[in-house]
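Trainee: This one is run16.cif, mmCIF, C-alpha atoms.
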```cif
data_coords
#
loop_
_atom_site.label_atom_id
_atom_site.label_comp_id
_atom_site.auth_asym_id
_atom_site.auth_seq_id
_atom_site.Cartn_x
_atom_site.Cartn_y
_atom_site.Cartn_z
CA MET A 296 69.54 123.94 -41.09
CA ASN A 297 72.89 125.77 -41.44
CA GLY A 298 74.89 122.64 -40.86
CA VAL A 299 78.58 122.53 -41.83
CA ARG A 300 79.72 119.45 -43.70
CA SER A 301 82.82 118.03 -42.03
CA GLY A 302 83.79 114.93 -43.99
CA ARG A 303 82.84 111.38 -44.79
CA TRP A 304 82.18 108.50 -42.44
CA GLN A 305 81.89 104.74 -42.73
CA VAL A 306 80.78 101.91 -40.50
CA THR A 307 81.21 98.27 -41.49
CA ALA A 308 79.00 95.68 -39.76
CA SER A 309 79.48 91.98 -40.37
CA GLN A 310 77.58 88.81 -39.61
CA HIS A 311 79.66 85.67 -39.00
CA ARG A 312 78.55 82.07 -38.65
CA PRO A 313 80.36 79.15 -37.00
CA ILE A 314 82.37 76.70 -39.07
CA ARG A 315 81.60 73.04 -38.44
CA ARG A 316 84.12 70.47 -39.59
CA ASP A 317 81.42 67.82 -39.78
CA GLN A 318 78.16 69.36 -40.95
CA ALA A 319 76.17 66.48 -39.49
CA VAL A 320 77.39 67.18 -35.95
CA GLN A 321 76.08 70.07 -33.90
CA VAL A 322 78.46 72.50 -32.24
CA GLU A 323 77.91 74.15 -28.87
CA CYS A 324 78.57 77.77 -29.78
CA ALA A 325 76.91 81.06 -30.71
CA ARG A 326 74.99 80.67 -33.98
CA GLU A 327 75.76 84.21 -35.00
CA LEU A 328 78.70 86.51 -34.24
CA LEU A 329 78.21 90.16 -35.16
CA GLY A 330 81.12 92.55 -35.57
CA VAL A 331 81.47 96.24 -36.34
CA ALA A 332 84.30 98.63 -37.22
CA PHE A 333 84.28 102.43 -37.39
CA SER A 334 86.32 104.59 -39.75
CA GLU A 335 86.67 107.12 -36.90
CA ALA A 336 88.16 104.49 -34.57
CA PRO A 337 90.39 102.40 -36.86
CA ASN A 338 92.31 100.78 -33.99
CA LYS A 339 89.24 99.22 -32.44
CA TYR A 340 86.81 96.43 -33.28
CA TYR A 341 83.58 95.47 -31.55
CA PHE A 342 81.65 92.23 -31.27
CA VAL A 343 78.05 91.75 -30.24
CA LEU A 344 76.46 88.49 -29.15
CA ARG A 345 72.75 89.20 -28.95
CA PRO A 346 71.47 86.09 -27.14
CA ASP A 347 74.17 86.60 -24.50
CA HIS A 348 73.57 90.36 -24.33
CA MET A 349 77.26 90.98 -24.68
CA VAL A 350 79.30 93.76 -26.28
CA VAL A 351 83.04 93.10 -26.56
CA GLU A 352 85.62 95.76 -27.31
CA ALA A 353 89.06 94.84 -28.66
CA ASP A 354 91.94 96.15 -30.73
CA SER A 355 91.55 95.85 -34.49
CA THR A 356 94.12 92.99 -34.44
CA ILE A 357 91.33 90.80 -33.01
CA GLN A 358 90.16 90.42 -36.62
CA SER A 359 93.47 88.82 -37.58
CA ILE A 360 93.28 86.58 -34.52
CA MET A 361 89.78 85.44 -35.47
CA GLU A 362 90.94 84.80 -39.04
CA ASN A 363 93.77 82.64 -37.73
CA LEU A 364 91.46 80.71 -35.41
CA GLN A 365 89.16 79.91 -38.35
CA VAL A 366 86.16 79.19 -36.15
CA TYR A 367 83.73 81.71 -37.64
CA ARG A 368 83.24 82.68 -41.28
CA ASN A 369 81.95 85.96 -42.63
CA HIS A 370 78.43 85.47 -43.97
CA LEU A 371 77.37 88.99 -44.84
CA THR A 372 78.55 92.60 -44.48
CA VAL A 373 76.54 95.82 -44.38
CA VAL A 374 78.33 99.09 -45.07
CA PHE A 375 76.96 102.33 -43.67
CA GLU A 376 78.51 105.41 -45.27
CA GLY A 377 77.84 109.04 -45.98
CA PHE A 378 78.66 112.57 -44.88
CA GLN A 379 78.78 114.16 -41.45
CA TYR A 380 77.64 117.61 -40.41
CA GLN A 381 78.13 119.99 -37.51
CA LEU A 382 74.94 121.69 -36.33
CA GLY A 383 75.85 123.70 -33.23
CA ASP A 384 76.19 121.26 -30.31
CA PHE A 385 74.94 118.43 -32.47
CA HIS A 386 76.96 116.21 -34.76
CA VAL A 387 74.90 114.52 -37.45
CA LYS A 388 75.82 111.67 -39.77
CA ALA A 389 73.62 110.99 -42.74
CA GLY A 390 74.15 108.14 -45.13
CA ARG A 391 73.00 104.94 -46.68
CA ALA A 392 73.20 101.29 -45.73
CA VAL A 393 74.18 98.85 -48.47
CA ILE A 394 74.99 95.17 -48.62
CA ALA A 395 78.73 95.02 -49.34
CA HIS A 396 79.73 94.21 -52.94
CA SER A 397 76.17 94.45 -54.16
CA GLU A 398 75.25 98.15 -53.85
CA ASN A 399 71.86 96.87 -52.77
CA LEU A 400 70.45 99.81 -50.84
CA ARG A 401 68.85 98.69 -47.60
CA GLY A 402 68.03 102.04 -46.07
CA ILE A 403 68.99 105.55 -45.06
CA VAL A 404 70.71 106.19 -41.75
CA LEU A 405 70.75 109.28 -39.58
CA GLU A 406 72.99 109.39 -36.52
CA VAL A 407 72.62 112.27 -34.07
CA GLU A 408 75.18 113.01 -31.39
CA TYR A 409 74.91 115.67 -28.70
CA LEU A 410 78.49 116.66 -27.94
CA PRO A 411 78.46 118.45 -24.56
CA VAL A 412 76.97 115.64 -22.46
CA SER A 413 77.51 111.87 -22.52
CA SER A 414 74.79 110.83 -20.08
CA LEU A 415 71.99 108.94 -21.76
CA GLY A 416 69.51 109.82 -19.03
CA LYS A 417 70.26 113.54 -19.06
CA THR A 418 70.07 113.94 -22.82
CA HIS A 419 67.13 111.72 -23.68
CA GLN A 420 64.54 114.50 -23.88
CA LEU A 421 66.87 116.89 -25.69
CA MET A 422 67.66 114.27 -28.30
CA GLN A 423 63.98 113.45 -28.75
CA GLU A 424 63.20 117.13 -29.39
CA PHE A 425 65.98 117.34 -31.97
CA VAL A 426 64.67 114.24 -33.74
CA ASP A 427 61.13 115.70 -33.69
CA ILE A 428 62.45 118.70 -35.65
CA TRP A 429 63.90 116.31 -38.20
CA GLN A 430 60.58 114.50 -38.42
CA GLU A 431 58.87 117.74 -39.38
CA VAL A 432 61.48 118.50 -42.01
CA ALA A 433 61.27 114.95 -43.36
CA ALA A 434 57.48 115.08 -43.53
CA GLN A 435 57.66 118.20 -45.70
CA SER A 436 60.41 117.16 -48.08
CA MET A 437 60.68 113.36 -48.16
CA THR A 438 58.52 110.33 -48.61
CA GLY A 439 58.70 107.92 -45.70
CA ARG A 440 59.49 108.85 -42.13
CA ILE A 441 62.35 108.67 -39.65
CA VAL A 442 62.13 105.71 -37.31
CA HIS A 443 64.05 105.91 -34.05
CA LEU A 444 65.86 102.66 -33.32
CA GLU A 445 67.59 102.34 -29.98
CA PRO A 446 68.48 99.07 -28.30
CA ASN A 447 68.02 98.57 -24.58
CA PHE A 448 71.54 99.37 -23.41
CA GLY A 449 70.76 98.19 -19.90
CA ASP A 450 70.14 94.65 -21.18
CA TYR A 451 73.77 94.62 -22.32
CA SER A 452 75.10 95.98 -19.01
CA LEU A 453 76.18 99.21 -20.69
CA SER A 454 76.37 102.23 -18.43
CA ASP A 455 74.59 105.56 -18.62
CA GLN A 456 77.77 107.16 -20.03
CA TYR A 457 77.68 106.85 -23.78
CA SER A 458 80.65 105.09 -25.40
CA TRP A 459 81.80 103.41 -28.59
CA GLN A 460 80.30 100.20 -27.21
CA HIS A 461 76.89 101.87 -27.23
CA THR A 462 77.48 102.97 -30.84
CA ALA A 463 78.55 99.46 -31.80
CA LEU A 464 75.34 98.03 -30.39
CA GLN A 465 73.29 100.64 -32.23
CA TYR A 466 74.80 99.84 -35.62
CA ILE A 467 74.46 96.12 -35.04
CA SER A 468 70.79 96.72 -34.22
CA LEU A 469 70.47 98.71 -37.43
CA MET A 470 72.05 95.94 -39.45
CA VAL A 471 69.74 93.36 -37.90
CA HIS A 472 66.75 95.60 -38.62
CA PHE A 473 67.70 96.07 -42.29
CA LEU A 474 68.39 92.38 -42.78
CA SER A 475 65.06 91.43 -41.19
CA GLN A 476 63.30 93.74 -43.63
CA ARG A 477 65.11 91.94 -46.42
CA THR A 478 63.65 88.56 -45.43
CA ASN A 479 60.11 89.89 -44.89
CA MET B 133 100.95 93.69 -36.56
CA HIS B 134 102.37 90.26 -36.89
CA LYS B 135 105.05 89.69 -34.35
CA TYR B 136 107.72 87.15 -34.46
CA TYR B 137 108.85 86.17 -31.04
CA PHE B 138 112.14 84.66 -30.21
CA PHE B 139 112.13 82.43 -27.23
CA PHE B 140 115.05 81.69 -25.06
CA GLN B 141 114.05 80.04 -21.89
CA ARG B 142 115.96 78.57 -19.05
CA PHE B 143 114.92 77.43 -15.66
CA LEU B 144 116.98 79.25 -13.07
CA LYS B 145 117.74 76.33 -10.79
CA THR B 146 118.58 77.09 -7.23
CA ILE B 147 117.89 73.81 -5.51
CA PHE B 148 121.25 72.57 -6.78
CA TYR B 149 122.96 74.98 -4.43
CA SER B 150 121.00 74.10 -1.31
CA GLU B 151 124.14 73.08 0.54
CA SER B 152 125.97 76.29 -0.10
CA ARG B 153 125.61 79.48 1.82
CA PHE B 154 123.72 80.93 -1.09
CA THR B 155 120.00 80.66 -0.62
CA ALA B 156 117.50 79.97 -3.42
CA SER B 157 116.59 83.64 -3.56
CA MET B 158 120.27 84.62 -4.15
CA HIS B 159 120.27 83.63 -7.81
CA VAL B 160 116.97 85.35 -8.48
CA GLU B 161 118.30 88.48 -6.79
CA ALA B 162 121.54 88.23 -8.78
CA LEU B 163 119.66 88.07 -12.05
CA GLN B 164 117.67 91.13 -11.03
CA VAL B 165 120.88 93.04 -10.25
CA LEU B 166 122.36 92.02 -13.60
CA LEU B 167 119.27 93.01 -15.53
CA GLN B 168 118.97 96.30 -13.69
CA GLY B 169 122.50 97.10 -14.79
CA LEU B 170 121.87 96.09 -18.39
CA CYS B 171 118.43 97.68 -18.76
CA GLY B 172 118.94 100.89 -16.85
CA GLY B 173 116.94 99.84 -13.80
CA ARG B 174 113.62 99.81 -15.63
CA GLN B 175 112.01 96.90 -13.85
CA GLU B 176 108.31 96.22 -13.55
CA LYS B 177 106.54 93.70 -11.40
CA LEU B 178 104.59 91.06 -13.23
CA LYS B 179 101.53 89.16 -12.09
CA ILE B 180 99.50 87.58 -14.85
CA HIS B 181 96.53 85.24 -14.71
CA GLU B 182 96.76 83.17 -17.87
CA ILE B 183 93.86 81.09 -19.19
CA CYS B 184 94.41 78.67 -22.06
CA LEU B 185 91.29 78.02 -24.11
CA LYS B 186 90.75 75.30 -26.70
CA SER B 187 88.02 75.14 -29.32
CA GLY B 188 85.13 72.80 -28.66
CA THR B 189 84.38 69.59 -30.52
CA ASN B 190 83.83 70.00 -34.26
CA LEU B 191 84.26 73.78 -34.08
CA GLY B 192 86.38 75.45 -36.74
CA VAL B 193 88.44 74.30 -39.69
CA GLU B 194 90.76 72.63 -37.19
CA ALA B 195 91.25 72.59 -33.44
CA SER B 196 92.58 75.89 -32.18
CA GLU B 197 93.93 77.43 -29.03
CA VAL B 198 93.91 80.95 -27.69
CA HIS B 199 95.27 82.49 -24.47
CA LEU B 200 93.64 85.09 -22.31
CA LEU B 201 96.01 87.10 -20.14
CA CYS B 202 94.83 89.23 -17.28
CA SER B 203 97.52 91.54 -15.95
CA LEU B 204 97.04 92.05 -12.24
CA SER B 205 100.02 94.39 -11.78
CA GLN B 206 97.94 97.54 -12.23
CA THR B 207 95.10 98.92 -10.15
CA ASP B 208 92.55 97.74 -12.71
CA PRO B 209 92.99 94.37 -14.43
CA VAL B 210 94.00 94.61 -18.07
CA TRP B 211 92.94 91.81 -20.42
CA THR B 212 94.76 90.67 -23.54
CA VAL B 213 94.00 87.86 -25.98
CA ARG B 214 96.97 86.15 -27.59
CA HIS B 215 97.26 83.70 -30.45
CA VAL B 216 100.60 81.99 -30.99
CA GLY B 217 101.37 80.24 -34.25
CA GLY B 218 103.71 77.30 -34.71
CA PRO B 219 107.48 77.91 -34.91
CA MET B 220 109.07 78.69 -38.25
CA ARG B 221 110.23 75.50 -39.93
CA GLY B 222 112.89 74.54 -42.44
CA ALA B 223 116.65 74.23 -42.57
CA GLY B 224 117.14 77.93 -42.01
CA ALA B 225 114.95 77.91 -38.92
CA GLU B 226 116.88 74.94 -37.47
CA GLN B 227 120.05 77.00 -37.62
CA LEU B 228 118.59 79.87 -35.67
CA PRO B 229 119.36 79.99 -31.94
CA ALA B 230 115.76 80.92 -31.19
CA HIS B 231 112.21 80.07 -32.19
CA VAL B 232 110.48 82.41 -34.57
CA ARG B 233 106.71 82.39 -34.23
CA SER B 234 103.79 84.47 -35.35
CA VAL B 235 102.21 86.07 -32.29
CA LEU B 236 99.09 88.17 -32.46
CA GLU B 237 97.82 90.10 -29.46
CA SER B 238 94.85 92.31 -28.84
CA SER B 239 93.64 94.10 -25.78
CA ILE B 240 90.08 93.06 -25.01
CA SER B 241 87.35 94.05 -22.60
CA SER B 242 86.97 92.25 -19.28
CA ASN B 243 84.16 90.01 -20.58
CA ALA B 244 86.69 88.19 -22.77
CA LEU B 245 86.35 84.82 -21.01
CA ARG B 246 82.57 84.86 -21.23
CA PHE B 247 82.92 85.86 -24.89
CA PHE B 248 85.14 82.95 -25.84
CA TYR B 249 82.99 80.52 -23.86
CA ALA B 250 80.02 81.74 -25.91
CA LEU B 251 82.00 81.16 -29.10
CA GLY B 252 82.46 77.52 -28.12
CA TYR B 253 85.87 77.58 -26.44
CA LYS B 254 86.58 75.68 -23.25
CA MET B 255 89.21 76.22 -20.62
CA ASP B 256 92.12 73.80 -20.87
CA TYR B 257 94.14 75.14 -17.95
CA GLU B 258 94.89 78.30 -16.04
CA LEU B 259 97.95 79.48 -14.17
CA VAL B 260 99.43 82.54 -12.55
CA ARG B 261 102.83 83.97 -13.47
CA ILE B 262 104.57 86.06 -10.83
CA GLY B 263 107.89 87.80 -11.31
CA TYR B 264 109.27 90.80 -13.08
CA VAL B 265 109.95 92.18 -16.54
CA PHE B 266 112.73 94.31 -18.02
CA GLN B 267 112.87 96.13 -21.34
CA PHE B 268 116.09 96.50 -23.29
CA GLN B 269 116.65 98.27 -26.57
CA ARG B 270 119.31 97.14 -29.02
CA VAL B 271 118.38 96.96 -32.70
CA VAL B 272 114.97 95.75 -31.53
CA PRO B 273 113.11 96.11 -28.24
CA ILE B 274 113.88 93.03 -26.14
CA THR B 275 111.63 91.93 -23.30
CA VAL B 276 113.14 89.87 -20.48
CA THR B 277 110.83 88.16 -18.04
CA ALA B 278 111.66 86.03 -15.04
CA THR B 279 108.56 84.43 -13.62
CA MET B 280 107.45 81.73 -11.27
CA LEU B 281 104.64 79.56 -12.60
CA CYS B 282 101.86 78.88 -10.11
CA LYS B 283 98.99 76.45 -10.45
CA VAL B 284 95.48 77.44 -9.44
CA PRO B 285 94.00 74.82 -7.07
CA LYS B 286 90.36 75.76 -7.61
CA LEU B 287 88.63 77.42 -10.56
CA HIS B 288 89.90 81.03 -10.83
CA ALA B 289 91.18 80.99 -7.23
CA ILE B 290 94.25 83.02 -8.19
CA ASP B 291 94.88 84.22 -4.64
CA GLU B 292 95.44 80.59 -3.66
CA ALA B 293 97.91 79.90 -6.48
CA ILE B 294 100.90 77.82 -5.45
CA PRO B 295 104.24 77.48 -7.29
CA VAL B 296 104.54 74.51 -9.57
CA THR B 297 108.26 74.28 -8.89
CA PRO B 298 109.13 76.37 -5.84
CA GLY B 299 112.38 78.27 -6.18
CA ILE B 300 112.54 77.83 -9.94
CA GLN B 301 111.84 80.64 -12.34
CA LEU B 302 111.32 80.68 -16.08
CA VAL B 303 113.48 83.24 -17.88
CA GLU B 304 112.30 84.29 -21.31
CA LEU B 305 113.67 86.67 -23.90
CA THR B 306 111.31 87.86 -26.61
CA ALA B 307 111.51 90.46 -29.36
CA PRO B 308 109.14 91.58 -32.09
CA ALA B 309 110.26 91.20 -35.68
CA SER B 310 108.99 91.19 -39.23
CA THR B 311 109.80 88.91 -42.13
CA GLU B 312 112.37 91.47 -43.23
CA ASN B 313 114.33 91.92 -40.03
CA TYR B 314 114.05 88.71 -38.01
CA SER B 315 117.71 87.86 -38.57
CA GLU B 316 118.72 91.16 -36.94
CA ALA B 317 116.40 90.41 -34.06
CA VAL B 318 118.01 86.99 -33.64
CA GLY B 319 121.42 88.64 -33.53
CA ALA B 320 120.26 91.18 -30.96
CA ILE B 321 118.81 88.50 -28.69
CA SER B 322 121.91 86.31 -29.02
CA SER B 323 124.07 89.26 -28.12
CA PHE B 324 121.95 90.08 -25.09
CA ALA B 325 121.95 86.45 -23.96
CA GLU B 326 125.75 86.55 -23.80
CA HIS B 327 125.53 89.20 -21.09
CA LEU B 328 123.58 86.73 -18.95
CA ALA B 329 125.97 83.84 -19.62
CA PRO B 330 127.93 84.09 -16.33
CA LEU B 331 124.68 83.38 -14.50
CA ILE B 332 122.41 81.41 -16.82
CA HIS B 333 122.49 79.66 -20.17
CA LEU B 334 119.64 80.44 -22.51
CA SER B 335 118.44 78.07 -25.22
CA LYS B 336 115.61 77.33 -27.56
CA PRO B 337 112.50 75.93 -25.89
CA GLY B 338 112.84 72.18 -25.52
CA VAL B 339 116.64 72.21 -25.65
CA PRO B 340 117.95 71.40 -22.16
CA THR B 341 121.00 73.17 -20.80
CA GLY B 342 123.09 72.50 -17.77
CA VAL B 343 123.69 74.73 -14.80
CA VAL B 344 126.34 77.34 -15.43
CA PRO B 345 129.49 76.37 -13.46
CA THR B 346 130.19 80.01 -12.64
CA ALA B 347 126.63 80.76 -11.52
CA SER B 348 127.30 80.55 -7.80
CA THR B 349 130.34 82.85 -7.94
CA ALA B 350 128.68 85.23 -10.34
CA ALA B 351 125.57 85.43 -8.17
CA ALA B 352 127.55 86.26 -5.05
CA SER B 353 129.48 88.95 -6.87
CA LEU B 354 126.37 90.51 -8.34
CA VAL B 355 124.47 90.50 -5.07
CA SER B 356 127.33 92.07 -3.16
CA ARG B 357 127.71 94.73 -5.82
CA GLY B 358 124.01 95.39 -5.63
CA ALA B 359 124.17 95.69 -1.83
CA MET B 360 127.10 98.15 -2.07
CA LYS B 361 125.12 100.40 -4.37
CA VAL B 362 122.17 100.46 -1.99
CA SER B 363 124.31 101.29 1.01
#
```
So that I can check it, write out the structure of this file as structure tokens.

Mentor:
Amino acid sequence: MNGVRSGRWQVTASQHRPIRRDQAVQVECARELLGVAFSEAPNKYYFVLRPDHMVVEADSTIQSIMENLQVYRNHLTVVFEGFQYQLGDFHVKAGRAVIAHSENLRGIVLEVEYLPVSSLGKTHQLMQEFVDIWQEVAAQSMTGRIVHLEPNFGDYSLSDQYSWQHTALQYISLMVHFLSQRTN
Amino acid sequence: MHKYYFFFQRFLKTIFYSESRFTASMHVEALQVLLQGLCGGRQEKLKIHEICLKSGTNLGVEASEVHLLCSLSQTDPVWTVRHVGGPMRGAGAEQLPAHVRSVLESSISSNALRFFYALGYKMDYELVRIGYVFQFQRVVPITVTATMLCKVPKLHAIDEAIPVTPGIQLVELTAPASTENYSEAVGAISSFAEHLAPLIHLSKPGVPTGVVPTASTAAASLVSRGAMKVS
């Protein structure tokens, strides 16, 4: 497709669970805290609380703060990594998703970004057409098919203007999807 | 980045001088004039809504505390989360004229309070700090704040905040440092504190100090000098 490779990328998504001093006593808190960091935005860290439909953006030092608070413990980490390509107005990341420290491949990831416009509403059809092209290519040269996963951004009070918070929610959704396949 | 903060704090008492011709605001104004001279006039107003959160029952390895700070000085509120560790201990620490603590801060989106509530934290108290802040550079960047602490009568009713001790301000000096250079930072803060000595005495938190005998005279001199510059 005449794409130009422009470097590597990595996204690290983590699942944390609350620490209870007395295991016999319940704690009023979120059962699962999901976090994600991007190699392209090393100074930022994002949290997602799915039942509360919340995306939180913070500096990367929030990880040190959470470590000091010792209220949640890392349970599992999924690493997404691969190469990125420039295809005209589109920026594409292709890579794999693995459970950290196990090299257990959970899936293949394709991220498509349309650079000129950040409005979700205005670019929805364009993006769908681009993905349809990829579906045709995949059908001819790969087993399996591309599945489009996109969370409902409105449920999380995220605006029409695409941001890193939207990306964070997307990768968390991907991690949840891969982990659910693992338990099925 | 781990930050080590040095705290000098002193209540700037004005009620002591209620019988003199110097009003309560005179000493606050005098400190402002002094700091403007020392820091090159770089003063910023400060209005911060501070919320102290404590971990819920049975949550975490041990009970913990975190502070959310919402700066209301700008057009749009800016949220920060801060975790302060205990002061450095040991014989060496006792000798230092300031506390050395690990302080971690992170900017955070405006849903921070809802986030920490969801994580199991509960509000312990909230207050509003109103005053001003100066920045000074000598060896290390030194931050000087003089603020009035105000209690919030109803939940999050920050516009109705009332001073805890009217006429009294909390003066704090803080500086970032690492394990390698904290002694230099202590020296820099001590040196800066000496410039304020004619007006206020600064000490470690929890160490009481008396009112400076020269404060009244120094305040009058500073205020008159400040008025001459304006005119």

Trainee: Determine, using all atoms listed in the file, which residues of chain A have any atom at most 8 Å from an atom of chain B, and tabulate each with its shortest atom pair and distance in Å to one decimal place, rows ordered by chain and then rising number, as CSV.

Mentor:
```
residue,atom,partner,partner_atom,distance
A:Pro313,CA,B:Gly192,CA,7.1
A:Ile314,CA,B:Gly192,CA,4.8
A:Arg315,CA,B:Leu191,CA,5.2
A:Arg316,CA,B:Asn190,CA,5.4
A:Asp317,CA,B:Asn190,CA,6.4
A:Val320,CA,B:Asn190,CA,7.2
A:Gln321,CA,B:Asn190,CA,7.8
A:Val322,CA,B:Leu191,CA,6.2
A:Glu323,CA,B:Gly252,CA,5.7
A:Cys324,CA,B:Gly252,CA,4.2
A:Ala325,CA,B:Leu251,CA,5.3
A:Asp347,CA,B:Ala250,CA,7.7
A:Met349,CA,B:Phe247,CA,7.6
A:Val351,CA,B:Ser241,CA,5.9
A:Glu352,CA,B:Ser241,CA,5.3
A:Ala353,CA,B:Ile240,CA,4.2
A:Asp354,CA,B:Ser238,CA,5.2
A:Ser355,CA,B:Ser238,CA,7.4
A:Thr356,CA,B:Ser238,CA,5.7
A:Ile357,CA,B:Ser238,CA,5.7
A:Ser359,CA,B:Leu236,CA,7.6
A:Ile360,CA,B:Leu236,CA,6.4
A:Leu364,CA,B:Ser196,CA,5.9
A:Gln365,CA,B:Gly192,CA,5.5
A:Val366,CA,B:Gly192,CA,3.8
A:Tyr367,CA,B:Gly192,CA,6.9
```

Trainee: I need the residue nearest Leu201 of chain B from this list: B:Cys184, B:Leu166, B:Val232, B:Ala320. Use all atoms listed in the file for the distance.

Mentor: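 Among the listed residues, the smallest separation from Leu201 of chain B belongs to B:Cys184.
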
Trainee: Considering only C-alpha atoms, can you say which of A:Leu382, A:Ala389, A:Leu464, A:Met361 comes closest to Glu406 of chain A?

Mentor: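 Distance minimum relative to Glu406 of chain A lands on A:Ala389.
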
Trainee: Would you list the contacts of Phe425 of chain A as a PyMOL selection string, taking every protein, DNA or RNA residue within 12 Å and counting all atoms listed in the file, but skipping same-chain residues closer than 6 positions in sequence?

Mentor: chain A and resi 296+382-387+406-409+418-419+431-432+443

Trainee: Using atom CA of Phe333 of chain A and atom CA of Phe473 of chain A as the two end points, give the distance in Å to one decimal.

Mentor: 18.4 Å

Trainee: Using all atoms listed in the file, find all polymer residues with an atom at most 7 Å away from the point (112.2, 90.8, -29.4); report them as a list in words.

Mentor: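 Residues with an atom close enough to that point: Tyr137, Phe138, Val272, Pro273, Ile274, Thr275, Thr306, Ala307, Pro308, Ala309 and Ala317 of chain B.
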
Trainee: So which residues get picked by the PyMOL selection byres ((chain A and resi 451) around 7) here, written as a list in words?

Mentor: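 Matching residues under the PyMOL selection byres ((chain A and resi 451) around 7) are His348, Met349, Val350, Phe448, Gly449, Asp450, Ser452 and Leu453 of chain A.
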
Trainee: For C-alpha atoms, I'd like the residues from the last selection saved as an mmCIF file, keeping the file's coordinate frame.

Mentor:
```
data_model
loop_
_atom_site.group_PDB
_atom_site.id
_atom_site.type_symbol
_atom_site.label_atom_id
_atom_site.label_comp_id
_atom_site.auth_asym_id
_atom_site.auth_seq_id
_atom_site.Cartn_x
_atom_site.Cartn_y
_atom_site.Cartn_z
ATOM 1 C CA HIS A 348 73.570 90.360 -24.330
ATOM 2 C CA MET A 349 77.260 90.980 -24.680
ATOM 3 C CA VAL A 350 79.300 93.760 -26.280
ATOM 4 C CA PHE A 448 71.540 99.370 -23.410
ATOM 5 C CA GLY A 449 70.760 98.190 -19.900
ATOM 6 C CA ASP A 450 70.140 94.650 -21.180
ATOM 7 C CA SER A 452 75.100 95.980 -19.010
ATOM 8 C CA LEU A 453 76.180 99.210 -20.690
#
```

Trainee: Where does the PyMOL selection byres ((chain A and resi 401) around 10) land in this file, that is, which residues does it pick, as a list in words?

Mentor: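 With the shown file as input, the PyMOL selection byres ((chain A and resi 401) around 10) matches Val373, Val374, Phe375, Arg391, Ala392, Val393, Ile394, Glu398, Asn399, Leu400, Gly402, Ile403, Val404, Met470, His472, Phe473, Leu474, Gln476 and Arg477 of chain A.
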
Trainee: Between B:Glu312, B:Ala325, B:His288, B:Ala278, which residue has the minimum interatomic distance to Leu163 of chain B, considering only C-alpha atoms?

Mentor: B:Ala278

Trainee: Extending 8 Å beyond the listed atoms of segment 416-424 of chain A on each side, what axis-aligned box results? I want centre and edge lengths in Å to one decimal, as AutoDock Vina command-line options.

Mentor:
```
--center_x 66.7 --center_y 113.5 --center_z -24.2 --size_x 23.1 --size_y 23.3 --size_z 26.4
```

Trainee: Once the PyMOL selection byres ((chain B and resi 348) around 8) is applied to the coordinates I shared, what remains selected? I want it as JSON, numbers by chain.

Mentor: {"B": [149, 154, 159, 331, 345, 346, 347, 349, 350, 351, 352]}

Trainee: In Å, how far is it from atom CA of Glu376 of chain A to atom CA of Val471 of chain A?

Mentor: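 Computing the Euclidean distance for atom CA of Glu376 of chain A and atom CA of Val471 of chain A yields 16.6 Å.
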
Trainee: Could you tell me how far atom CA of His327 of chain B lies from atom CA of Leu170 of chain B, in Å and to one decimal?

Mentor: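 Those two atoms sit 8.3 Å apart.
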